[in-house]
Every structure is written in C-alpha cells, then in structure tokens.
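Taking it in order: structure first as structure tokens, then the write-up.
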Amino acid sequence: RVSSDGKPPKFQPPPKPVIIDRKTQKEERRFLSPEFIPPRGRTDPLKYYIERKDMIQRRKVFNIPEFYVGSVLAVTTADPYASDKSKRFVGICIQRGGKGLGATFVLRNVIEDQGVEICYELYSPRIQAIEVLKLEKRLDENLMYLRDALPEYSTFDVNMKPVPRMDHEEIPVNKLQVRMKPKPWSKRWERPKYNIKGIKFELPEHKMKAAQKWSQPWLEFDMLREYDTSKIEAKIRKELSEELEK
Amino acid sequence: MMPIWTKSGEKHAVTLLKVQDCHVLRYVSKEESGGKTAKLLVGGKNVSPFSKPESAHEIFKEAGVPRKQKVTTFNVTDDAIIKPGTPLYAAHFRPGQFVDVTAKTIGKGFQGVMKRWGFKGQPASHGQTKTHRRPGAISTNQAAKVYRGKKMPGKMGNIYRTSFGLKVWRINTKHDIIYVNGSVPGHTNCLVKVRDSKLPTYKDCNKNPPFPTFFADGDEELPEDLFDEEIFQFTDPSVTFA
C-alpha cells in the first residue's frame, strides 16, 4: 500500500464477522398450526385471544404434533363401547378445517376394500394420542380427490411403523401424481377452480381445454380478496412461544 | 360461538356474551311505574355523548355515568333494589344458572312468503305460469274477507326475540364474559339483554346467587374463571371411559 507523508498507513480494523444465527432463523420458519390464524371478519379479537388461551392450555397437557395435509397419522380415541375402551385409526390426512377450538382434520384409509374417512376434532378431550407416522406434504392443500383415485393411493398399513426423521430436515414434499378411476367423479377435478396439481389427468386434450372455459384469471389480481396474515402470525407466534415456555 | 366439552366427552356449542360497562341508571318504584313490581333502569355500552341533545343526558347525569347506547328495564322485587350508579359485572351470574337472552334478530328486509313464513310455493315446471314462490289462496269464499294477521310478504327480522332456558356454562371475571349454551338471537357484536330464566322448570335452580348483585369493591375474591361442575377443563388429562 502507498503510504501518505511517509507515515505508516492508518490502522484499518479487521471487518466484523457476520454471524448468521441459524437458531432464530429456524424459529421464524417454525410451524404455526393453521387453526391459530383468525379468519377475516368483524368479530372482536378478544374472542380469538380467549380461545387461544384455551387452546394453549390443552396443548400444555396433551401434545398435538406438527402435521400437514398428506401426512399419515395414527389417532387413539376413547370409546365407551369398545372392549379396550379405546380405538386406534391410521390414515392419511386429506383435509384440515375449522379455526380455533373447533379445528378438525379428516383421516382416510381403505380397510378391507372399503374406503373409510373419519373427521376428528383436534381439541376434543376424547382423543388420547396423536402420532405422526410419516410427516410429509403433498402438492395440494386438500386431497379430497383421493376418493376418486385408485384405492392403492389411499391404503396404508394399520400396523405401519413410524418413519424416522431428523429434526433439522426440511419437510419433504411428495410430488406424487395420482391416477384416477374412470369418470364420473364426485367433483370435476380437472376444472381450474380446484387448482389440483397432484393428479395425472389421462383425459383427452379437448376435454382439458373445455375445462379451462371455467377459469377465472382475474381472481389472483382481486385486491379485496387479499388477506395478509404475516403481522397477525408474528404476534401469535410470539404469544405462543411465551405461553408454552411458562 | 365456541365448542365446549363435558366430562363425559359430549360437545355443546356455546355463545360468548361480554358485559361491557353496565350501570344501574334509575330506580322506579311500583306506584310510579304502575306495574306489579319495582323497576330498575339499566344501561350498557358507553357511547359518545355528542350525538344526542342535552335533554337526553338527564338520566345519565343523575347516575353519574357516561351516555349508554341502550337502556332496558328489569322488573325487580323490593329486596333486590340497587343504588343507581353501581356497575354490574358478569359475576352477577354463576355457572349452572339458567338464563333468558333477548335481542333484535338479524334484519332480512322485505321478504317473500316462502322465506318469511315457510310456505311451500308452487312446482317449478308442469305448466305453472309465472307462479313459483307466491302464497296462492289467501282466504275462503264464505269468509268474504281476509283475516287480520294473514301471513303475507313483508319486512322480516329486526324485531326483539328471546331464547329461553339457556344454561350458563362458564364465567370469565377478568374480561366479564358469560358462556351461554346454544345460540342467541342477533348478529355478532349486537346488544343483548340477559335475565334470569322465567321458565317454571328452572325456578329453583339458582342456589346462592350473588344477591342483589356482585359488588367489585366487596370482600369476595373470585378466581379468573368460574366453571360448571360438568365442564371438561383443559388442565385435566384426556377423558377415558374406565
């Protein structure tokens, strides 16, 4: 370096190390169960606050694991009419609905060639255990089309062992494209309103083009339909982490 | 509305009612009012005093209370009279009590006879000319007139209706919230009048209620949440049938 006035060059302190805190980054990305996010409406936020207190209370006593639509779960419920007084059901989660304490999830399985779907309430006191046997996501948020798919895609072994998984791994997305039974289906899944990516449509080209007639391309630009939940989510995450640490 | 579970695992739907700034405004004696019992005027929910003339503020000034959105009357026996200006809280009710809830129903505007009175209308096809949702015949030949009170189209909703015999499951004393069984007339965040039930089956169900009302500056220290005996509380482990 060229020194000015013959004096030694001015001391430049070394650059400060940039610390990337992976732990806080991971906490920001951590899972927030969808039933905590309040729907858009004119209800007093106090009602949602009180409901959340009850939900947190239940979660402290009973562990509700993280799961998504497309993961395989095993649920044991208390049943007064069974011999062991408890019932265990294994199935793939096809839908998560409801907000607050009334949140539900539907499990589907095919048992002895009969498709069975059971809708459980997440916060019901009759549920004794929820185990996640296989944690994964699918291409869609709603797998109701499995009712019209070939039964092999909905069959899961009742005595399946839980698939081991490391904590820091990202949740795998199963890009499976499901094959369907011949039409008629319960709903016209090829129409753009359902926006399904997980079906391998084997319909002729002209039928797929005719289905696009019902597309509503202006919907994604409709500003009144936008519901930005980022701030609400951040507040709820903070509240949750504070309460669960107590 | 929220779900609530009992200790045997049954689910009930529950409406949340908030007691917001309720004060007793005036005492009207039996002779003054001309009725069978004394009356107490109660007002709820504070509102801006600038939208009404000074003459309307007299009652509130006497009681020393900001202007209220709604003023209702309660028929009260002589031993339950309260001094005007006392605040009323949700702890006035206890879990296990039965309650009547009155409110204005959701207004539906001018509605036809099928929605308003549940008439069956006429078939959609098989030769019907311009007649699918009409009332049809409105009287007989012999009567030679239409009776008073005949069900016809008109404005539906926006009238006071009461749901009787609703059980109080839970009371939150910190936020003044009453959890009442079932549904209640009115839209979300509407004003509602809650009264002890007048049904004969629930005449003796109030055991030791706070009488005449729950006073906040009194000696009683209530816990934040008061539950009914049958409610499943989320601090307990899951329900099992032994």
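Just so we're on the same page: first chain in the structure tokens is A, next is B, and so on; residues restart at 1 for each chain, and ligands are numbered from 1 in the order they show up.
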- Among segment 15-105 of chain B, which residues carry a DSSP assignment of helix (DSSP H, G or I), reported as a ChimeraX atom specification? /B:30-33,49-51,54-63,78-80,90-92
- Message: Should the cut-off be 12 Å, what would the residue list for chain B against chain A look like, counting only C-alpha atoms, as a ChimeraX atom specification?
- Response: /B:1-18,172,174-179,187-190,225,231-242
Within 7 Å of segment 156-159 of chain A, counting only C-alpha atoms, which residues show up once you throw out same-chain ones fewer than 4 positions away? Write them as a JSON list (two decimals) with all heavy atoms, in the first residue's frame, please.
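Wrote result-v4.json, looks like this:
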```json
[["chain", "number", "residue", "atom", "x", "y", "z"],
["A", 90, "VAL", "N", -55.62, -45.43, 11.68],
["A", 90, "VAL", "CA", -54.46, -44.94, 10.92],
["A", 90, "VAL", "C", -54.98, -44.44, 9.58],
["A", 90, "VAL", "O", -55.82, -45.09, 8.97],
["A", 90, "VAL", "CB", -53.44, -46.07, 10.71],
["A", 90, "VAL", "CG1", -52.33, -45.64, 9.79],
["A", 90, "VAL", "CG2", -52.90, -46.54, 12.03],
["A", 91, "GLY", "N", -54.50, -43.29, 9.11],
["A", 91, "GLY", "CA", -54.95, -42.82, 7.80],
["A", 91, "GLY", "C", -54.15, -41.61, 7.35],
["A", 91, "GLY", "O", -53.38, -41.04, 8.13],
["A", 109, "ASN", "N", -58.52, -43.94, 4.99],
["A", 109, "ASN", "CA", -57.81, -45.20, 4.78],
["A", 109, "ASN", "C", -58.77, -46.15, 4.10],
["A", 109, "ASN", "O", -59.98, -45.96, 4.16],
["A", 109, "ASN", "CB", -57.34, -45.77, 6.14],
["A", 109, "ASN", "CG", -56.18, -46.74, 5.96],
["A", 109, "ASN", "OD1", -55.91, -47.20, 4.84],
["A", 109, "ASN", "ND2", -55.50, -47.06, 7.04]]
```
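With only C-alpha atoms as the atoms that count, the residue of A:Ser230, A:Ser33, A:Ser215, A:Gln95 with the shortest distance to Arg108 of chain A is A:Gln95.
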- Task: Do a neighbour search on Leu40 of chain B at 10 Å with only C-alpha atoms, toss out local chain neighbours closer than 2 positions, and write the hits as a PyMOL selection string.
- Result: chain B and resi 24-29+37-38+42-43+72-77+80-84
Okay, now the selection with all heavy atoms, as a compact mmCIF listing (two decimals), in the first residue's frame?
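Final file, part29.txt:
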```txt
# COMPACT_ATOMS: atom_id res chain seq x y z
N VAL B 24 -76.41 0.65 36.70
CA VAL B 24 -77.82 0.87 37.05
C VAL B 24 -78.08 2.37 36.94
O VAL B 24 -77.32 3.18 37.46
CB VAL B 24 -78.10 0.37 38.48
CG1 VAL B 24 -79.52 0.69 38.86
CG2 VAL B 24 -77.83 -1.11 38.58
N LEU B 25 -79.15 2.77 36.22
CA LEU B 25 -79.37 4.20 35.97
C LEU B 25 -80.42 4.82 36.87
O LEU B 25 -80.27 5.96 37.28
CB LEU B 25 -79.79 4.40 34.51
CG LEU B 25 -78.74 4.00 33.49
CD1 LEU B 25 -79.29 4.17 32.10
CD2 LEU B 25 -77.48 4.81 33.65
N ARG B 26 -81.52 4.08 37.13
CA ARG B 26 -82.59 4.72 37.91
C ARG B 26 -83.44 3.66 38.56
O ARG B 26 -83.59 2.55 38.04
CB ARG B 26 -83.44 5.57 36.97
CG ARG B 26 -84.34 6.54 37.70
CD ARG B 26 -85.42 7.02 36.80
NE ARG B 26 -84.98 8.15 36.01
CZ ARG B 26 -85.73 8.74 35.07
NH1 ARG B 26 -86.91 8.28 34.80
NH2 ARG B 26 -85.30 9.77 34.39
N TYR B 27 -84.02 4.03 39.71
CA TYR B 27 -84.95 3.13 40.39
C TYR B 27 -86.36 3.73 40.23
O TYR B 27 -86.60 4.88 40.55
CB TYR B 27 -84.57 3.02 41.86
CG TYR B 27 -85.70 2.54 42.74
CD1 TYR B 27 -86.19 1.24 42.61
CD2 TYR B 27 -86.26 3.37 43.70
CE1 TYR B 27 -87.22 0.80 43.39
CE2 TYR B 27 -87.30 2.93 44.49
CZ TYR B 27 -87.78 1.63 44.33
OH TYR B 27 -88.81 1.20 45.12
N VAL B 28 -87.28 2.92 39.71
CA VAL B 28 -88.67 3.35 39.54
C VAL B 28 -89.52 2.50 40.47
O VAL B 28 -89.54 1.28 40.34
CB VAL B 28 -89.11 3.16 38.07
CG1 VAL B 28 -90.56 3.55 37.90
CG2 VAL B 28 -88.23 3.95 37.14
N SER B 29 -90.23 3.13 41.44
CA SER B 29 -90.97 2.33 42.43
C SER B 29 -92.24 1.78 41.79
O SER B 29 -92.65 2.15 40.70
CB SER B 29 -91.34 3.20 43.63
OG SER B 29 -92.19 4.25 43.19
N THR B 37 -94.36 -4.81 40.06
CA THR B 37 -93.11 -4.81 40.83
C THR B 37 -92.36 -3.52 40.54
O THR B 37 -92.67 -2.80 39.58
CB THR B 37 -92.18 -5.97 40.42
OG1 THR B 37 -92.11 -6.00 38.99
CG2 THR B 37 -92.69 -7.29 40.93
N ALA B 38 -91.33 -3.27 41.34
CA ALA B 38 -90.48 -2.11 41.09
C ALA B 38 -89.61 -2.39 39.86
O ALA B 38 -89.40 -3.54 39.48
CB ALA B 38 -89.60 -1.85 42.30
N VAL B 42 -81.42 -0.05 33.50
CA VAL B 42 -80.01 -0.41 33.39
C VAL B 42 -79.53 -0.02 32.00
O VAL B 42 -80.25 -0.23 31.02
CB VAL B 42 -79.81 -1.94 33.60
CG1 VAL B 42 -78.41 -2.35 33.27
CG2 VAL B 42 -80.17 -2.31 35.01
N GLY B 43 -78.33 0.57 31.92
CA GLY B 43 -77.79 0.95 30.63
C GLY B 43 -76.50 0.20 30.35
O GLY B 43 -75.76 -0.15 31.27
N THR B 72 -82.43 -0.57 29.27
CA THR B 72 -83.51 -1.56 29.39
C THR B 72 -84.07 -1.52 30.80
O THR B 72 -83.43 -1.03 31.72
CB THR B 72 -83.00 -2.98 29.12
OG1 THR B 72 -81.79 -3.16 29.84
CG2 THR B 72 -82.78 -3.21 27.66
N THR B 73 -85.29 -2.09 30.95
CA THR B 73 -85.89 -2.17 32.29
C THR B 73 -85.90 -3.60 32.75
O THR B 73 -86.11 -4.54 31.97
CB THR B 73 -87.34 -1.69 32.26
OG1 THR B 73 -87.96 -2.25 31.12
CG2 THR B 73 -87.45 -0.20 32.21
N PHE B 74 -85.66 -3.78 34.06
CA PHE B 74 -85.77 -5.11 34.67
C PHE B 74 -86.79 -5.01 35.78
O PHE B 74 -86.73 -4.09 36.60
CB PHE B 74 -84.42 -5.54 35.27
CG PHE B 74 -83.39 -5.93 34.24
CD1 PHE B 74 -82.52 -5.00 33.72
CD2 PHE B 74 -83.31 -7.24 33.79
CE1 PHE B 74 -81.57 -5.36 32.78
CE2 PHE B 74 -82.37 -7.60 32.85
CZ PHE B 74 -81.50 -6.65 32.34
N ASN B 75 -87.75 -5.95 35.81
CA ASN B 75 -88.71 -5.99 36.93
C ASN B 75 -88.03 -6.64 38.11
O ASN B 75 -87.51 -7.75 38.01
CB ASN B 75 -89.94 -6.81 36.52
CG ASN B 75 -90.76 -6.08 35.49
OD1 ASN B 75 -90.67 -4.86 35.39
ND2 ASN B 75 -91.52 -6.81 34.72
N VAL B 76 -88.01 -5.94 39.25
CA VAL B 76 -87.20 -6.37 40.40
C VAL B 76 -88.07 -6.40 41.64
O VAL B 76 -88.93 -5.54 41.81
CB VAL B 76 -86.04 -5.35 40.60
CG1 VAL B 76 -85.15 -5.79 41.73
CG2 VAL B 76 -85.23 -5.23 39.34
N THR B 77 -87.86 -7.39 42.53
CA THR B 77 -88.55 -7.39 43.83
C THR B 77 -87.90 -6.35 44.73
O THR B 77 -86.79 -5.88 44.50
CB THR B 77 -88.43 -8.78 44.49
OG1 THR B 77 -87.10 -9.25 44.32
CG2 THR B 77 -89.37 -9.75 43.83
N ALA B 80 -84.29 -6.59 46.13
CA ALA B 80 -83.16 -6.65 45.19
C ALA B 80 -82.87 -5.30 44.58
O ALA B 80 -82.27 -5.21 43.52
CB ALA B 80 -83.47 -7.66 44.09
N ILE B 81 -83.29 -4.20 45.25
CA ILE B 81 -83.08 -2.87 44.67
C ILE B 81 -81.61 -2.49 44.82
O ILE B 81 -81.01 -2.72 45.87
CB ILE B 81 -83.96 -1.83 45.39
CG1 ILE B 81 -85.42 -2.21 45.23
CG2 ILE B 81 -83.73 -0.45 44.83
CD1 ILE B 81 -86.31 -1.41 46.11
N ILE B 82 -81.05 -1.88 43.77
CA ILE B 82 -79.64 -1.48 43.78
C ILE B 82 -79.60 0.04 43.61
O ILE B 82 -80.41 0.63 42.90
CB ILE B 82 -78.86 -2.15 42.65
CG1 ILE B 82 -79.14 -3.67 42.66
CG2 ILE B 82 -77.38 -1.90 42.77
CD1 ILE B 82 -78.56 -4.37 41.48
N LYS B 83 -78.59 0.66 44.23
CA LYS B 83 -78.47 2.11 44.14
C LYS B 83 -78.07 2.52 42.72
O LYS B 83 -77.18 1.91 42.13
CB LYS B 83 -77.39 2.56 45.13
CG LYS B 83 -77.24 4.03 45.24
CD LYS B 83 -76.20 4.40 46.26
CE LYS B 83 -75.90 5.89 46.10
NZ LYS B 83 -74.80 6.34 46.88
N PRO B 84 -78.68 3.57 42.13
CA PRO B 84 -78.30 3.98 40.78
C PRO B 84 -76.83 4.39 40.72
O PRO B 84 -76.33 5.07 41.61
CB PRO B 84 -79.20 5.18 40.49
CG PRO B 84 -80.34 5.00 41.38
CD PRO B 84 -79.85 4.31 42.60
```
- Message: Using only C-alpha atoms, which protein or nucleic acid residues come within 12 Å of Ile196 of chain A? Drop anything in the same chain fewer than 4 positions from it, and give the result as a PyMOL selection string.
- Response: chain A and resi 138-146+177-178+187-192+200-201
- Message: Taking the DSSP secondary structure from the backbone, can you list the residues of segment 6-225 of chain A that are strand (DSSP E or B), as a PyMOL selection string?
- Response: chain A and resi 72-78+86-97+104-111+114-121+127-134+137-138+149+173-174+178+180+199
- Out of B:Pro66, B:Gly96, B:Pro185, B:Gly121, which residue has the shortest atom-to-atom distance to Tyr202 of chain B when counting only C-alpha atoms?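 Closest candidate: B:Gly96.
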- One-decimal distance in Å that lies between atom CA of Arg195 of chain B and atom CA of Glu58 of chain B: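 These atoms are spaced 25.9 Å apart.
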- Message: With distances taken over only C-alpha atoms, which residue among A:Val163, A:Cys119, A:Ile20, A:Leu32 lies nearest Phe67 of chain A?
- Response: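 The shortest atom-to-atom distance to Phe67 of chain A comes from A:Leu32.
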